[in-house]
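What follows is input-v8.csv (CSV, C-alpha atoms).
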```csv
chain,number,residue,atom,x,y,z
L,1,MET,CA,1.3,-12.0,28.6
L,2,LYS,CA,-0.3,-8.7,29.7
L,3,ALA,CA,0.7,-5.7,27.5
L,4,ARG,CA,3.5,-3.7,28.9
L,5,PRO,CA,2.9,0.0,29.6
L,6,ILE,CA,3.6,2.3,26.7
L,7,HIS,CA,6.5,4.7,27.0
L,8,GLU,CA,5.7,8.4,27.0
L,9,HIS,CA,7.2,8.4,23.6
L,10,PRO,CA,6.0,5.2,22.0
L,11,ARG,CA,8.6,3.0,20.3
L,12,VAL,CA,7.2,1.6,17.0
L,13,VAL,CA,8.2,-1.1,14.5
L,14,VAL,CA,6.5,-0.8,11.2
L,15,VAL,CA,6.1,-4.0,9.1
L,16,ALA,CA,5.7,-2.9,5.5
L,17,PRO,CA,6.7,-5.5,2.9
L,18,LEU,CA,6.4,-2.9,0.0
L,19,TYR,CA,8.4,-0.1,1.6
L,20,HIS,CA,9.6,1.7,-1.5
L,21,ASP,CA,8.5,4.6,-3.7
L,22,SER,CA,8.1,2.5,-6.8
L,23,LEU,CA,5.8,-0.2,-5.4
L,24,GLY,CA,2.4,1.5,-5.5
L,25,GLY,CA,0.5,3.6,-3.0
L,26,VAL,CA,0.8,1.1,-0.1
L,27,GLY,CA,4.6,1.3,-0.3
L,28,ARG,CA,4.8,5.0,-0.8
L,29,GLN,CA,2.4,5.8,2.0
L,30,ALA,CA,4.2,3.5,4.4
L,31,LYS,CA,7.4,5.3,3.7
L,32,ALA,CA,6.0,8.8,3.8
L,33,LEU,CA,4.1,8.1,7.1
L,34,THR,CA,7.1,6.5,8.8
L,35,GLU,CA,9.5,9.2,7.8
L,36,LYS,CA,7.1,11.9,9.0
L,37,LEU,CA,6.7,10.1,12.4
L,38,ALA,CA,10.5,10.0,12.7
L,39,GLN,CA,10.6,13.8,12.0
L,40,MET,CA,8.1,14.2,14.9
L,41,GLY,CA,10.4,12.4,17.2
L,42,VAL,CA,8.9,8.9,17.3
L,43,ASP,CA,11.4,6.1,17.9
L,44,ILE,CA,10.6,4.1,14.8
L,45,ARG,CA,12.0,1.2,12.9
L,46,VAL,CA,10.9,-0.6,9.7
L,47,ILE,CA,11.0,-4.2,8.6
L,48,ALA,CA,10.5,-4.5,4.8
L,49,ARG,CA,10.8,-7.3,2.3
L,50,ARG,CA,14.2,-7.6,0.6
L,51,MET,CA,13.7,-7.2,-3.1
L,52,SER,CA,15.8,-6.8,-6.2
L,53,GLY,CA,15.4,-5.2,-9.6
L,54,LEU,CA,13.9,-2.0,-8.2
L,55,PRO,CA,14.7,1.6,-9.2
L,56,PRO,CA,16.8,3.6,-6.8
L,57,CYS,CA,14.9,5.0,-3.8
L,58,ARG,CA,16.1,7.5,-1.2
L,59,PHE,CA,15.4,6.4,2.4
L,60,SER,CA,15.6,8.6,5.5
L,61,ARG,CA,18.6,8.0,7.7
L,62,ALA,CA,16.4,8.7,10.7
L,63,VAL,CA,14.5,5.4,10.1
L,64,PRO,CA,16.5,2.2,10.7
L,65,LEU,CA,15.5,-0.2,7.9
L,66,TYR,CA,15.7,-4.0,8.3
L,67,ARG,CA,15.4,-6.1,5.1
L,68,ALA,CA,13.8,-9.5,5.7
L,69,PRO,CA,14.8,-12.0,3.1
L,70,ALA,CA,12.0,-13.8,1.2
L,71,LEU,CA,11.7,-16.2,-1.7
L,72,ARG,CA,11.4,-14.7,-5.3
L,73,ALA,CA,13.1,-11.4,-4.5
L,74,ARG,CA,12.5,-10.2,-8.1
L,75,VAL,CA,8.7,-10.6,-7.8
L,76,HIS,CA,7.3,-7.5,-6.2
L,77,ASN,CA,3.5,-8.0,-6.4
L,78,LEU,CA,2.2,-10.8,-4.2
L,79,GLU,CA,-1.4,-9.7,-4.4
L,80,ASP,CA,-2.7,-12.6,-6.5
L,81,LYS,CA,-3.6,-15.8,-4.6
L,82,SER,CA,-1.2,-18.5,-5.7
L,83,LEU,CA,1.1,-21.1,-4.1
L,84,PRO,CA,4.3,-19.3,-5.1
L,85,ASN,CA,3.0,-16.0,-3.7
L,86,LEU,CA,2.0,-17.7,-0.5
L,87,LEU,CA,5.4,-19.3,-0.1
L,88,SER,CA,7.0,-15.9,-0.6
L,89,SER,CA,4.8,-14.4,2.0
L,90,VAL,CA,5.5,-17.2,4.5
L,91,SER,CA,9.2,-16.9,4.0
L,92,PHE,CA,9.0,-13.1,4.6
L,93,SER,CA,6.9,-13.7,7.7
L,94,LEU,CA,9.3,-16.1,9.2
L,95,ALA,CA,12.2,-13.8,8.6
L,96,THR,CA,10.1,-10.9,10.1
L,97,ALA,CA,9.4,-13.1,13.2
L,98,GLY,CA,13.2,-13.5,13.7
L,99,LEU,CA,13.7,-9.7,13.5
L,100,LEU,CA,10.8,-9.0,15.8
L,101,TRP,CA,12.4,-11.3,18.4
L,102,ARG,CA,15.8,-9.8,18.0
L,103,LEU,CA,14.4,-6.2,18.4
L,104,ARG,CA,11.8,-7.1,21.1
L,105,ASP,CA,13.4,-4.8,23.7
L,106,HIS,CA,13.3,-1.8,21.4
L,107,TYR,CA,9.6,-1.4,20.6
L,108,ASP,CA,6.2,-1.3,22.3
L,109,ILE,CA,3.9,-1.2,19.2
L,110,VAL,CA,4.0,-3.1,15.9
L,111,HIS,CA,2.2,-1.4,13.0
L,112,PHE,CA,1.5,-3.8,10.1
L,113,HIS,CA,0.7,-2.3,6.7
L,114,GLY,CA,-1.6,-5.1,5.6
L,115,ALA,CA,-3.6,-7.6,7.6
L,116,SER,CA,-2.5,-10.8,5.9
L,117,VAL,CA,0.1,-13.6,6.2
L,118,PRO,CA,2.8,-11.7,8.1
L,119,LEU,CA,0.3,-10.5,10.7
L,120,LEU,CA,-1.3,-13.9,11.1
L,121,MET,CA,2.0,-15.6,11.7
L,122,ASN,CA,3.2,-13.0,14.2
L,123,VAL,CA,0.1,-12.2,16.3
L,124,MET,CA,0.7,-14.8,19.0
L,125,PRO,CA,4.5,-14.3,19.4
L,126,LEU,CA,3.9,-10.5,19.7
L,127,LYS,CA,1.2,-11.0,22.3
L,128,ALA,CA,3.6,-13.3,24.2
L,129,TYR,CA,6.2,-10.5,24.2
L,130,GLY,CA,3.5,-8.1,25.6
L,131,LYS,CA,3.3,-5.9,22.5
L,132,ARG,CA,0.5,-3.9,21.1
L,133,ILE,CA,-0.5,-4.5,17.5
L,134,ILE,CA,-2.0,-2.1,14.9
L,135,ALA,CA,-3.0,-3.4,11.4
L,136,LYS,CA,-3.9,-1.2,8.5
L,137,VAL,CA,-6.3,-2.8,6.0
L,138,ALA,CA,-6.2,-1.2,2.6
L,139,ALA,CA,-8.0,-3.7,0.4
L,140,ALA,CA,-11.5,-5.3,0.3
L,141,ASN,CA,-13.0,-8.3,-1.4
L,142,LEU,CA,-9.7,-9.9,-2.3
L,143,GLY,CA,-9.7,-12.7,0.2
L,144,THR,CA,-6.2,-11.8,1.4
L,145,GLU,CA,-6.8,-9.6,4.4
L,146,ALA,CA,-8.8,-9.3,7.6
L,147,GLY,CA,-12.5,-8.5,6.8
L,148,ASP,CA,-12.7,-11.0,4.0
L,149,LEU,CA,-11.5,-14.3,5.5
L,150,LYS,CA,-14.3,-16.0,7.6
L,151,THR,CA,-16.7,-16.7,4.7
L,152,ARG,CA,-14.1,-17.7,2.2
L,153,TYR,CA,-12.0,-20.4,3.9
L,154,GLY,CA,-14.4,-22.4,6.0
L,155,PRO,CA,-12.9,-23.6,9.3
L,156,ALA,CA,-9.5,-22.1,8.4
L,157,GLY,CA,-11.2,-18.8,8.0
L,158,HIS,CA,-12.7,-19.0,11.4
L,159,LEU,CA,-9.3,-19.9,12.8
L,160,MET,CA,-7.6,-16.9,11.1
L,161,VAL,CA,-10.3,-14.6,12.5
L,162,GLY,CA,-9.7,-16.0,15.9
L,163,LEU,CA,-6.1,-15.1,15.7
L,164,LEU,CA,-6.7,-11.6,14.4
L,165,LYS,CA,-9.0,-10.8,17.2
L,166,GLN,CA,-5.8,-10.4,19.2
L,167,VAL,CA,-5.0,-7.3,17.2
L,168,ASP,CA,-5.5,-4.1,19.3
L,169,ARG,CA,-6.6,-1.8,16.6
L,170,PHE,CA,-7.5,-2.1,12.9
L,171,ILE,CA,-7.1,0.9,10.6
L,172,ALA,CA,-9.7,0.9,7.8
L,173,THR,CA,-9.0,3.2,4.9
L,174,SER,CA,-12.6,3.2,3.7
L,175,ARG,CA,-16.1,2.8,5.1
L,176,GLU,CA,-16.4,-0.4,3.1
L,177,ILE,CA,-13.4,-1.9,4.8
L,178,GLU,CA,-14.6,-0.6,8.2
L,179,ASN,CA,-18.0,-2.3,7.8
L,180,ALA,CA,-16.3,-5.6,6.6
L,181,LEU,CA,-14.1,-5.7,9.7
L,182,VAL,CA,-17.0,-5.1,12.0
L,183,ALA,CA,-19.1,-7.7,10.2
L,184,GLU,CA,-16.2,-10.3,10.6
L,185,GLY,CA,-16.4,-9.8,14.3
L,186,TYR,CA,-13.5,-7.7,15.4
L,187,GLY,CA,-15.6,-5.2,17.3
L,188,ALA,CA,-16.4,-1.6,16.3
L,189,GLU,CA,-14.4,-0.3,19.2
L,190,ARG,CA,-11.2,-1.8,17.7
L,191,VAL,CA,-11.7,-0.4,14.2
L,192,VAL,CA,-10.7,3.1,13.3
L,193,ARG,CA,-11.4,4.6,9.9
L,194,ILE,CA,-8.6,6.8,8.6
L,195,PRO,CA,-8.7,7.5,4.8
L,196,ASN,CA,-5.5,7.5,2.9
L,197,PHE,CA,-3.7,10.8,3.2
L,198,ILE,CA,-2.4,13.1,0.5
L,199,ASP,CA,0.9,15.0,1.1
L,200,LEU,CA,-0.2,18.5,0.2
L,201,SER,CA,3.5,19.6,0.1
L,202,ILE,CA,3.8,17.5,-3.0
L,203,PHE,CA,0.3,17.3,-4.5
L,204,HIS,CA,-1.4,20.7,-4.8
L,205,PRO,CA,-2.8,22.9,-7.6
L,206,ALA,CA,-0.2,24.5,-9.7
L,207,GLY,CA,-0.4,28.0,-11.0
L,208,GLU,CA,-0.9,28.7,-14.7
L,209,ASP,CA,2.8,29.5,-15.3
L,210,GLU,CA,3.8,26.2,-13.6
L,211,LYS,CA,1.3,24.3,-15.6
L,212,GLU,CA,2.6,25.7,-18.9
L,213,ARG,CA,6.2,24.9,-17.8
L,214,LEU,CA,5.3,21.3,-17.0
L,215,ARG,CA,3.2,20.9,-20.1
L,216,SER,CA,6.2,21.9,-22.2
L,217,LYS,CA,8.7,19.8,-20.2
L,218,LEU,CA,6.5,16.7,-20.4
L,219,VAL,CA,5.4,17.2,-24.0
L,220,LEU,CA,1.7,17.1,-23.2
L,221,PRO,CA,-1.0,18.0,-25.7
L,222,PRO,CA,-3.1,21.1,-25.4
L,223,GLY,CA,-6.6,21.0,-23.8
L,224,ARG,CA,-7.7,19.5,-20.6
L,225,LEU,CA,-5.8,16.6,-19.0
L,226,ALA,CA,-6.9,13.9,-16.6
L,227,VAL,CA,-4.4,11.5,-15.0
L,228,CYS,CA,-4.8,8.0,-13.7
L,229,SER,CA,-1.9,6.5,-11.8
L,230,GLY,CA,-1.8,2.9,-10.7
L,231,ARG,CA,-1.0,-0.7,-11.6
L,232,LEU,CA,-2.9,-2.0,-14.6
L,233,VAL,CA,-4.7,-4.9,-12.8
L,234,ALA,CA,-8.4,-5.7,-12.8
L,235,ARG,CA,-9.3,-4.3,-9.4
L,236,LYS,CA,-8.1,-0.8,-10.4
L,237,GLY,CA,-11.0,-0.5,-12.8
L,238,VAL,CA,-9.1,1.0,-15.7
L,239,ALA,CA,-11.3,-0.8,-18.2
L,240,VAL,CA,-14.3,1.0,-16.7
L,241,LEU,CA,-12.4,4.3,-16.9
L,242,LEU,CA,-11.8,3.8,-20.6
L,243,GLU,CA,-15.5,3.1,-21.3
L,244,ALA,CA,-16.3,6.3,-19.4
L,245,TRP,CA,-13.6,8.3,-21.2
L,246,ALA,CA,-15.1,7.5,-24.6
L,247,LYS,CA,-18.2,9.3,-23.4
L,248,VAL,CA,-16.2,12.2,-22.1
L,249,VAL,CA,-14.4,12.6,-25.4
L,250,ARG,CA,-17.7,12.7,-27.3
L,251,GLU,CA,-18.7,15.8,-25.3
L,252,GLN,CA,-15.2,17.3,-24.8
L,253,PRO,CA,-13.1,16.4,-27.8
L,254,ASP,CA,-10.0,18.3,-26.6
L,255,THR,CA,-9.5,16.2,-23.4
L,256,THR,CA,-6.6,13.7,-23.0
L,257,LEU,CA,-6.3,10.9,-20.5
L,258,LEU,CA,-2.8,10.0,-19.2
L,259,ILE,CA,-2.6,6.5,-17.7
L,260,LEU,CA,0.6,6.1,-15.6
L,261,GLY,CA,1.7,2.7,-14.6
L,262,ASP,CA,2.2,-0.8,-15.9
L,263,GLY,CA,0.8,-4.3,-15.3
L,264,PRO,CA,-0.4,-7.5,-16.8
L,265,LEU,CA,-3.6,-5.9,-18.4
L,266,LYS,CA,-1.6,-3.4,-20.4
L,267,PRO,CA,-2.0,-5.2,-23.8
L,268,ALA,CA,-5.7,-5.8,-23.3
L,269,LEU,CA,-6.3,-2.2,-22.2
L,270,HIS,CA,-4.4,-0.8,-25.2
L,271,GLN,CA,-6.6,-2.9,-27.5
L,272,GLN,CA,-9.7,-1.7,-25.7
L,273,ALA,CA,-8.7,1.9,-26.2
L,274,ARG,CA,-8.2,1.2,-29.9
L,275,ASN,CA,-11.6,-0.4,-30.2
L,276,LEU,CA,-13.1,2.6,-28.6
L,277,GLY,CA,-11.4,5.0,-31.0
L,278,LEU,CA,-9.3,6.6,-28.2
L,279,GLU,CA,-5.8,6.3,-29.8
L,280,GLU,CA,-5.5,10.1,-29.9
L,281,ARG,CA,-7.2,10.8,-26.6
L,282,VAL,CA,-5.4,8.3,-24.3
L,283,ARG,CA,-1.6,8.3,-23.6
L,284,TRP,CA,0.4,5.6,-21.9
L,285,PRO,CA,3.6,7.0,-20.4
L,286,GLY,CA,4.0,3.7,-18.5
L,287,LEU,CA,5.8,3.4,-15.1
L,288,VAL,CA,7.1,6.9,-14.2
L,289,THR,CA,9.0,8.2,-11.2
L,290,ASN,CA,7.8,11.8,-11.6
L,291,VAL,CA,4.1,11.2,-10.7
L,292,ALA,CA,3.8,14.6,-8.9
L,293,GLU,CA,4.7,16.4,-12.1
```

Is it possible to give me this structure as structure tokens?
Amino acid sequence: MKARPIHEHPRVVVVAPLYHDSLGGVGRQAKALTEKLAQMGVDIRVIARRMSGLPPCRFSRAVPLYRAPALRARVHNLEDKSLPNLLSSVSFSLATAGLLWRLRDHYDIVHFHGASVPLLMNVMPLKAYGKRIIAKVAAANLGTEAGDLKTRYGPAGHLMVGLLKQVDRFIATSREIENALVAEGYGAERVVRIPNFIDLSIFHPAGEDEKERLRSKLVLPPGRLAVCSGRLVARKGVAVLLEAWAKVVREQPDTTLLILGDGPLKPALHQQARNLGLEERVRWPGLVTNVAE
């Protein structure tokens, strides 16, 4: 079906499985972007994965939020390629398809945060409804999103790429992802590079008085501080950071590295820090809710 004309004020549905402040940068950015668009007057709705066992999160009343049920609600990270994760993604995608059908008269554009299973399973129905599709690609070289499918999965990869060529625009968050999307055949005119944003109302340099207040409140050591915030998984490169930090400490002994976050590599990374003699120069606050501080 030919795409319907876009209203003067576009009506948007955002599909963001990890729509929550505690589920990493992808979830936080989806939430921040969506709520900002609502403040600007965009008619916007969100479809997110129904999950349990999460810390409380404050959601804007201006953004209608639909929770799509999925298998394994207590498992929040589906990044690793495995059959259980695939089944969880498929169940979410089917529930999302039902919601997109139910809401079909209330949106013109669907913005997928991620170009993986939910997008693949909903491209053709959305085109049949005459909708426009935008997909943000935030990861490279994992074999789970557009830009890294054709050469990994043989004929199935070519089929997936054929489906994803129906997407109207891809948003690439880095030049590496942009180049991968173009190389996979989606056309440079359909790929727009938009780096991840930083909310400067939250993250900005603090004055000296504010730094001292926070240092006292958070019981931080004297000297220079560096902060790493993210999940402790291989692709975040924390092991490389620790190797580099050992060199930093040799030249600047009064520096401390704070590593915020948790993940399956935590025990191995702790052992690596001990092996490098960094027990006093690396701190592990774990998963925190006050990242801005």

Contact check, segment 35-152 of chain L to segment 195-218 of chain L, at most 12 Å, counting all atoms listed in the file, closest pairs as a Markdown table:
```
| residue | atom | partner | partner_atom | distance |
| --- | --- | --- | --- | --- |
| L:Lys36 | CA | L:Asp199 | CA | 10.5 |
| L:Lys136 | CA | L:Asn196 | CA | 10.5 |
| L:Val137 | CA | L:Pro195 | CA | 10.6 |
| L:Ala138 | CA | L:Asn196 | CA | 8.7 |
| L:Ala139 | CA | L:Asn196 | CA | 11.7 |
```

Restricting the output to C-alpha atoms, write the selected residues as an mmCIF file, in the coordinates of the input.
```cif
data_model
loop_
_atom_site.group_PDB
_atom_site.id
_atom_site.type_symbol
_atom_site.label_atom_id
_atom_site.label_comp_id
_atom_site.auth_asym_id
_atom_site.auth_seq_id
_atom_site.Cartn_x
_atom_site.Cartn_y
_atom_site.Cartn_z
ATOM 1 C CA LYS L 36 7.100 11.900 9.000
ATOM 2 C CA LYS L 136 -3.900 -1.200 8.500
ATOM 3 C CA VAL L 137 -6.300 -2.800 6.000
ATOM 4 C CA ALA L 138 -6.200 -1.200 2.600
ATOM 5 C CA ALA L 139 -8.000 -3.700 0.400
#
```

Of L:His111, L:Arg250, L:Arg58, L:Lys31, the one nearest to Ile134 of chain L when counting all atoms listed in the file is L:His111

So which residues touch Glu243 of chain L within 12 Å, counting all atoms listed in the file, skipping near sequence neighbours fewer than 5 positions away, as a ChimeraX atom specification? /L:237-238,248-250,269,272-278,282

Taking (9.9, -12.2, 7.4) as a centre in this file's frame and 10 Å as the limit, can you find every polymer residue with an atom that close, using only C-alpha atoms, and give them as a list in words? Val15, Pro17, Ile47, Ala48, Arg49, Arg50, Arg67, Ala68, Pro69, Ala70, Ser88, Ser89, Val90, Ser91, Phe92, Ser93, Leu94, Ala95, Thr96, Ala97, Gly98, Leu99, Leu100, Val117, Pro118, Met121 and Asn122 of chain L

Could you work out how far atom CA of Val14 of chain L lies from atom CA of Arg152 of chain L, giving the answer in Å with one decimal? 28.1 Å

May I ask which of the residues L:Ser52, L:Asn77, L:Gln39, L:Asn179 is the closest one to Leu23 of chain L, counting only C-alpha atoms?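 With only C-alpha atoms as the atom set, the closest residue is L:Asn77.
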
Just the residues within 10 Å of segment 188-194 of chain L, please, counting only C-alpha atoms, with nothing from its chain fewer than 3 positions along; format it as a list in words. Ile134, Ala135, Lys136, Val137, Lys165, Val167, Asp168, Arg169, Phe170, Ile171, Ala172, Thr173, Ser174, Arg175, Glu176, Ile177, Glu178, Asn179, Leu181, Val182, Ala183, Gly185 and Phe197 of chain L

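With only C-alpha atoms as the atoms that count, the minimum distance from Gly223 of chain L to the choices L:Val240, L:Thr255, L:Gly261, L:Leu83 is reached by L:Thr255.
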
Please measure the separation of atom CA of Ala226 of chain L and atom CA of Leu258 of chain L, giving the value in Å to one decimal.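 Separation between atom CA of Ala226 of chain L and atom CA of Leu258 of chain L: 6.2 Å.
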
By how many Å are atom CA of Ala115 of chain L and atom CA of Ala234 of chain L apart?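 Distance between the two atoms: 21.0 Å.
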